[in-house]
Amino acid sequence: MAIFERSRFPRFSIGESLLPACSDVLREAGLFDLVEAQGYQVKTGAVFVRGEERCEFDFAQQFGDGATWTWQVPRAEFDAVLADGVRERGVPIFFEHTVTEVEVGDSPRLTVQAEDGTRDAVSARFIVDASGTGRILPRLLELEEPSDQPVRQAMFTHVRGDRRPQGPNSGRIVIVIHRQDVWIWIIPFSDGRTSLGVVAPPEWFESFPADPTARLRAAIHADPATHQRLADTEFLFEPRSTIGYSTSAKQLFGEGYCLVGNAGEFLDPVFSSGVTLALVCASRASDAIIRQLAGETVDWQADYSDYMARGVDTFRTFVNAWYDGSFHEVCFARPSNEKLKAMICAALAGYVWNLENPFVREHKRKLNQLLRVIRATGR
Ligand SMILES: Cc1cc2nc3c(=O)[nH]c(=O)nc-3n(C[C@H](O)[C@H](O)[C@H](O)COP(=O)(O)OP(=O)(O)OC[C@H]3O[C@@H](n4cnc5c(N)ncnc54)[C@H](O)[C@@H]3O)c2cc1C
């Protein structure tokens with residue numbers, strides 16, 4: 001086995017808030033203790049804020065017996081720690097090696113280009129495309145499919161000087177709802193830095209100055225709750241921006257290859273599902289590949305594609321409900337129904353394959369049912 005990686009780690013990546021379900025995959029891969037030893041900010045839940053209203057999801061109060069906490073991680077370090085762990089377990093990683101061509105089929109081959117421009121042909125028994133937004137195989141095999149999510153934009157940076165609230169949950173991720181389609185993430189790290197990002201339709205940003213720092217400062221200023229917490233912060237790098245990041249693919253596998261993580265599909269950042277879905281994808285793909293290389297016939301459609309689609313579709317229901325405002329109604333309805341909230345909490349913790357959870361088994365129907373009750377009772 002070998003991994004070819006275009007960049008050299010550590011390198012910046014977005015996607016810093018994890019979900020408890022990803023711990024199960026890290027344990028399975030033997031990497032959990034390594035991550036735990038880094039002392040990352042423990043994440044025990046998430047807070048949604050709209051004006052003066054607050055809704056807290058506490059993973060300890062979730063339906064089922066899933067993990068009750070995870071971490072908020074600076075991805076440059078986190079990814080480098082994982083890469084080192086993988087190398088220590090005997091898998092070579094060739095950094096600064098870009099995959100430029102791929103042949104799939106019964107004898108897959110790659111062309112890999114090193115930093116100095118030299119190219120090598122590599123034969124493989126199976127190719128896993130985990131290239132994220134690089135989307136090597138979707139581009140080369142014309143597997144790209146438009147996402148069902150509209151084009152949205154995110155602007156983000158890391159800051160120092162965030163005025164964190166006091167108390168035991170001061171380090172929790174906060175998602176501020178500025179407008180139904182505009183939201184802000186505040187993700188504290190254990191070293192005092194905080195990740196800050198604003199997500200909105202691209203045209204929303206256009207009313208602000210063009211300079212990225214001035215633009216993000218103006219966007220923060222536009223939201224009173226965020227401004228109060230972050231107005232005096234120092235930006236640690238010029239804000240970056242990504243537009244139209246939601247992606248999909250016609251198929252997740254074929255002869256001699258599969259797509260994992262964002263190379264296959266990326267839905268939306270609002271519920272921090274990306275890394276967890278990518279890890280579950282990788283775990284399912286590894287299991288299928290090991291069985292196939294051992295001579296077993298693998299039903300990739302059922303065991304991989306359909307399985308992943310079930311988890312992604314549960315998140316899709318919640319993401320769509322976020323942007324049409326109905327998830328906000330559920331969040332801020334008072335008094336809240338703690339039993340149903342625990343079921344939603346388990347899905348938001350990443351346990352989107354637990355069919356004992358009605359909000360997973362019948363995600364759309366249950367959410368709509370709950371909304372009807374909230375609207376009918378006016379609370
Ligand atoms: C605005 C925003 C906020 C997000 N916030 C969160 C969050 O809070 N929590 C969360 O879980 N997820 C979040 N995500 C999603 C998260 O970033 C991804 O889902 C996650 O990083 C998993 O991606 P991946 O491993 O598939 O790809 P990546 O992390 O992008 O890794 C792909 C790797 O492939 C390499 N590569 C690319 N092309 C080539 C090539 N040709 N040859 C060799 N190597 C190549 C790249 O250098 C890169 O290292 C967010 C996404 C966005 C857009």
# chains A, B, ... in the order shown; residues from 1 in each chain; ligands from 1
call {"tool": "residues_near_ligand", "arguments": {"ligand": "ligand 1", "cutoff": "8 Å", "atoms": "only C-alpha atoms and all ligand atoms", "output": "PyMOL selection string"}}
result
chain A and resi 4-7+11+13-19+96-100+112+130-136+153-156+197+199+242-243+245-246+260-264+266+268-279
call {"tool": "residues_around", "arguments": {"residues": "stretch 283-299 of chain A", "least_positions_apart": "5", "cutoff": "10 Å", "atoms": "only C-alpha atoms", "output": "JSON, numbers by chain"}}
result
{"A": [25, 26, 28, 29, 125, 126, 127, 128, 253, 256, 257, 258, 259, 260, 277, 278, 304, 305, 307, 308]}
call {"tool": "write_last_selection", "arguments": {"atoms": "N, CA, C and O atoms", "output": "mmCIF file, in the first residue's frame"}}
result
data_model
loop_
_atom_site.group_PDB
_atom_site.id
_atom_site.type_symbol
_atom_site.label_atom_id
_atom_site.label_comp_id
_atom_site.auth_asym_id
_atom_site.auth_seq_id
_atom_site.Cartn_x
_atom_site.Cartn_y
_atom_site.Cartn_z
ATOM 1 N N VAL A 25 -14.105 5.208 14.310
ATOM 2 C CA VAL A 25 -13.223 4.868 13.180
ATOM 3 C C VAL A 25 -11.751 5.030 13.590
ATOM 4 O O VAL A 25 -10.906 4.204 13.246
ATOM 5 N N LEU A 26 -11.480 6.096 14.360
ATOM 6 C CA LEU A 26 -10.090 6.292 14.806
ATOM 7 C C LEU A 26 -9.640 5.128 15.688
ATOM 8 O O LEU A 26 -8.506 4.673 15.604
ATOM 9 N N GLU A 28 -10.829 2.015 15.549
ATOM 10 C CA GLU A 28 -10.699 0.846 14.655
ATOM 11 C C GLU A 28 -9.348 0.891 13.923
ATOM 12 O O GLU A 28 -8.706 -0.136 13.708
ATOM 13 N N ALA A 29 -8.918 2.105 13.575
ATOM 14 C CA ALA A 29 -7.656 2.250 12.840
ATOM 15 C C ALA A 29 -6.444 2.262 13.781
ATOM 16 O O ALA A 29 -5.303 2.365 13.330
ATOM 17 N N ARG A 125 -3.146 -2.711 -7.309
ATOM 18 C CA ARG A 125 -4.217 -3.696 -7.402
ATOM 19 C C ARG A 125 -5.565 -2.994 -7.264
ATOM 20 O O ARG A 125 -6.583 -3.474 -7.739
ATOM 21 N N PHE A 126 -5.560 -1.848 -6.598
ATOM 22 C CA PHE A 126 -6.804 -1.099 -6.390
ATOM 23 C C PHE A 126 -6.431 0.349 -6.109
ATOM 24 O O PHE A 126 -5.427 0.613 -5.445
ATOM 25 N N ILE A 127 -7.235 1.291 -6.595
ATOM 26 C CA ILE A 127 -6.952 2.718 -6.364
ATOM 27 C C ILE A 127 -8.072 3.332 -5.530
ATOM 28 O O ILE A 127 -9.255 3.187 -5.868
ATOM 29 N N VAL A 128 -7.685 4.006 -4.448
ATOM 30 C CA VAL A 128 -8.656 4.759 -3.645
ATOM 31 C C VAL A 128 -8.410 6.238 -3.918
ATOM 32 O O VAL A 128 -7.316 6.736 -3.651
ATOM 33 N N PHE A 253 -17.799 3.984 -7.087
ATOM 34 C CA PHE A 253 -16.862 2.868 -7.301
ATOM 35 C C PHE A 253 -16.981 2.399 -8.747
ATOM 36 O O PHE A 253 -17.948 2.734 -9.455
ATOM 37 N N GLY A 256 -11.711 -1.641 -10.090
ATOM 38 C CA GLY A 256 -10.358 -1.257 -9.685
ATOM 39 C C GLY A 256 -10.246 0.060 -8.944
ATOM 40 O O GLY A 256 -9.140 0.517 -8.667
ATOM 41 N N TYR A 257 -11.367 0.695 -8.598
ATOM 42 C CA TYR A 257 -11.249 1.977 -7.880
ATOM 43 C C TYR A 257 -12.477 2.272 -7.025
ATOM 44 O O TYR A 257 -13.548 1.697 -7.234
ATOM 45 N N CYS A 258 -12.296 3.181 -6.081
ATOM 46 C CA CYS A 258 -13.444 3.779 -5.379
ATOM 47 C C CYS A 258 -13.090 5.201 -4.973
ATOM 48 O O CYS A 258 -11.916 5.592 -4.982
ATOM 49 N N LEU A 259 -14.119 5.972 -4.674
ATOM 50 C CA LEU A 259 -13.950 7.354 -4.219
ATOM 51 C C LEU A 259 -14.315 7.413 -2.741
ATOM 52 O O LEU A 259 -15.342 6.864 -2.349
ATOM 53 N N VAL A 260 -13.482 8.085 -1.928
ATOM 54 C CA VAL A 260 -13.858 8.270 -0.524
ATOM 55 C C VAL A 260 -13.818 9.760 -0.174
ATOM 56 O O VAL A 260 -13.118 10.545 -0.811
ATOM 57 N N LEU A 277 -17.905 11.667 7.871
ATOM 58 C CA LEU A 277 -18.367 10.883 6.713
ATOM 59 C C LEU A 277 -17.169 10.362 5.915
ATOM 60 O O LEU A 277 -17.175 9.215 5.450
ATOM 61 N N ALA A 278 -16.123 11.188 5.799
ATOM 62 C CA ALA A 278 -14.931 10.735 5.061
ATOM 63 C C ALA A 278 -14.280 9.548 5.771
ATOM 64 O O ALA A 278 -13.851 8.579 5.124
ATOM 65 N N TYR A 304 -21.154 -0.516 0.039
ATOM 66 C CA TYR A 304 -20.418 0.754 0.084
ATOM 67 C C TYR A 304 -21.314 1.936 -0.314
ATOM 68 O O TYR A 304 -21.648 2.786 0.501
ATOM 69 N N SER A 305 -21.741 1.907 -1.590
ATOM 70 C CA SER A 305 -22.468 3.065 -2.115
ATOM 71 C C SER A 305 -23.790 3.307 -1.375
ATOM 72 O O SER A 305 -24.048 4.418 -0.910
ATOM 73 N N TYR A 307 -24.787 2.094 1.449
ATOM 74 C CA TYR A 307 -24.547 2.341 2.879
ATOM 75 C C TYR A 307 -24.203 3.816 3.103
ATOM 76 O O TYR A 307 -24.782 4.489 3.957
ATOM 77 N N MET A 308 -23.240 4.317 2.321
ATOM 78 C CA MET A 308 -22.835 5.720 2.495
ATOM 79 C C MET A 308 -24.007 6.664 2.199
ATOM 80 O O MET A 308 -24.214 7.648 2.898
#
call {"tool": "closest_atom_pairs", "arguments": {"of": "stretch 260-362 of chain A", "to": "stretch 54-73 of chain A", "cutoff": "6 Å", "atoms": "only C-alpha atoms", "output": "JSON lines"}}
result
{"residue": "A:Cys331", "atom": "CA", "partner": "A:Cys55", "partner_atom": "CA", "distance": 5.8}
{"residue": "A:Ala342", "atom": "CA", "partner": "A:Gln62", "partner_atom": "CA", "distance": 4.3}
{"residue": "A:Met343", "atom": "CA", "partner": "A:Phe63", "partner_atom": "CA", "distance": 4.9}
{"residue": "A:Cys345", "atom": "CA", "partner": "A:Gln62", "partner_atom": "CA", "distance": 5.3}
{"residue": "A:Ala346", "atom": "CA", "partner": "A:Gln62", "partner_atom": "CA", "distance": 4.9}
call {"tool": "write_last_selection", "arguments": {"atoms": "N, CA and C atoms", "output": "PDB file, in the first residue's frame"}}
result
ATOM      1  N   CYS A 331     -34.964  23.984  16.857  1.00  0.00           N
ATOM      2  CA  CYS A 331     -33.974  24.348  17.880  1.00  0.00           C
ATOM      3  C   CYS A 331     -34.561  25.248  18.947  1.00  0.00           C
ATOM      4  N   ALA A 342     -32.908  14.380  22.025  1.00  0.00           N
ATOM      5  CA  ALA A 342     -31.839  13.383  22.192  1.00  0.00           C
ATOM      6  C   ALA A 342     -31.658  12.562  20.906  1.00  0.00           C
ATOM      7  N   MET A 343     -32.773  12.319  20.216  1.00  0.00           N
ATOM      8  CA  MET A 343     -32.685  11.553  18.957  1.00  0.00           C
ATOM      9  C   MET A 343     -32.005  12.394  17.879  1.00  0.00           C
ATOM     10  N   CYS A 345     -29.973  14.789  18.479  1.00  0.00           N
ATOM     11  CA  CYS A 345     -28.591  14.954  18.949  1.00  0.00           C
ATOM     12  C   CYS A 345     -27.715  13.775  18.495  1.00  0.00           C
ATOM     13  N   ALA A 346     -28.280  12.557  18.563  1.00  0.00           N
ATOM     14  CA  ALA A 346     -27.504  11.370  18.156  1.00  0.00           C
ATOM     15  C   ALA A 346     -27.177  11.428  16.660  1.00  0.00           C
TER      16      ALA A 346
END
call {"tool": "select_by_dssp", "arguments": {"residues": "stretch 196-375 of chain A", "states": "strand (DSSP E)", "output": "ChimeraX atom specification"}}
result
/A:196-200,234-235,240-243,248-249,253-254,257-259
call {"tool": "write_last_selection", "arguments": {"atoms": "C-alpha atoms", "output": "mmCIF file, in the first residue's frame"}}
result
data_model
loop_
_atom_site.group_PDB
_atom_site.id
_atom_site.type_symbol
_atom_site.label_atom_id
_atom_site.label_comp_id
_atom_site.auth_asym_id
_atom_site.auth_seq_id
_atom_site.Cartn_x
_atom_site.Cartn_y
_atom_site.Cartn_z
ATOM 1 C CA LEU A 196 -13.884 31.794 12.587
ATOM 2 C CA GLY A 197 -15.899 31.402 9.403
ATOM 3 C CA VAL A 198 -18.894 32.986 7.716
ATOM 4 C CA VAL A 199 -21.105 31.070 5.262
ATOM 5 C CA ALA A 200 -23.516 32.914 2.979
ATOM 6 C CA GLU A 234 -6.216 39.482 15.734
ATOM 7 C CA PHE A 235 -6.542 37.636 12.408
ATOM 8 C CA ARG A 240 -9.482 32.592 2.718
ATOM 9 C CA SER A 241 -12.565 31.936 0.714
ATOM 10 C CA THR A 242 -14.164 28.939 -0.962
ATOM 11 C CA ILE A 243 -17.213 29.030 -3.219
ATOM 12 C CA SER A 248 -21.398 14.938 -5.876
ATOM 13 C CA ALA A 249 -20.430 12.057 -8.171
ATOM 14 C CA PHE A 253 -16.862 2.868 -7.301
ATOM 15 C CA GLY A 254 -16.008 0.980 -10.480
ATOM 16 C CA TYR A 257 -11.249 1.977 -7.880
ATOM 17 C CA CYS A 258 -13.444 3.779 -5.379
ATOM 18 C CA LEU A 259 -13.950 7.354 -4.219
#
call {"tool": "closest_residue", "arguments": {"among": "A:Arg334, A:His178, A:Arg139, A:His227", "to": "A:Thr247", "atoms": "only C-alpha atoms"}}
result
A:Arg139
call {"tool": "closest_residue", "arguments": {"among": "A:Gly90, A:Val47, A:Asp116, A:Ile3", "to": "A:Asp129", "atoms": "only C-alpha atoms"}}
result
A:Ile3
call {"tool": "residues_around", "arguments": {"residues": "A:Pro201", "least_positions_apart": "2", "cutoff": "8 Å", "atoms": "only C-alpha atoms", "output": "count of residues only"}}
result
9
call {"tool": "closest_residue", "arguments": {"among": "A:Asp313, A:Phe237, A:Leu141, A:Val42", "to": "A:Phe12", "atoms": "only C-alpha atoms"}}
result
A:Phe237
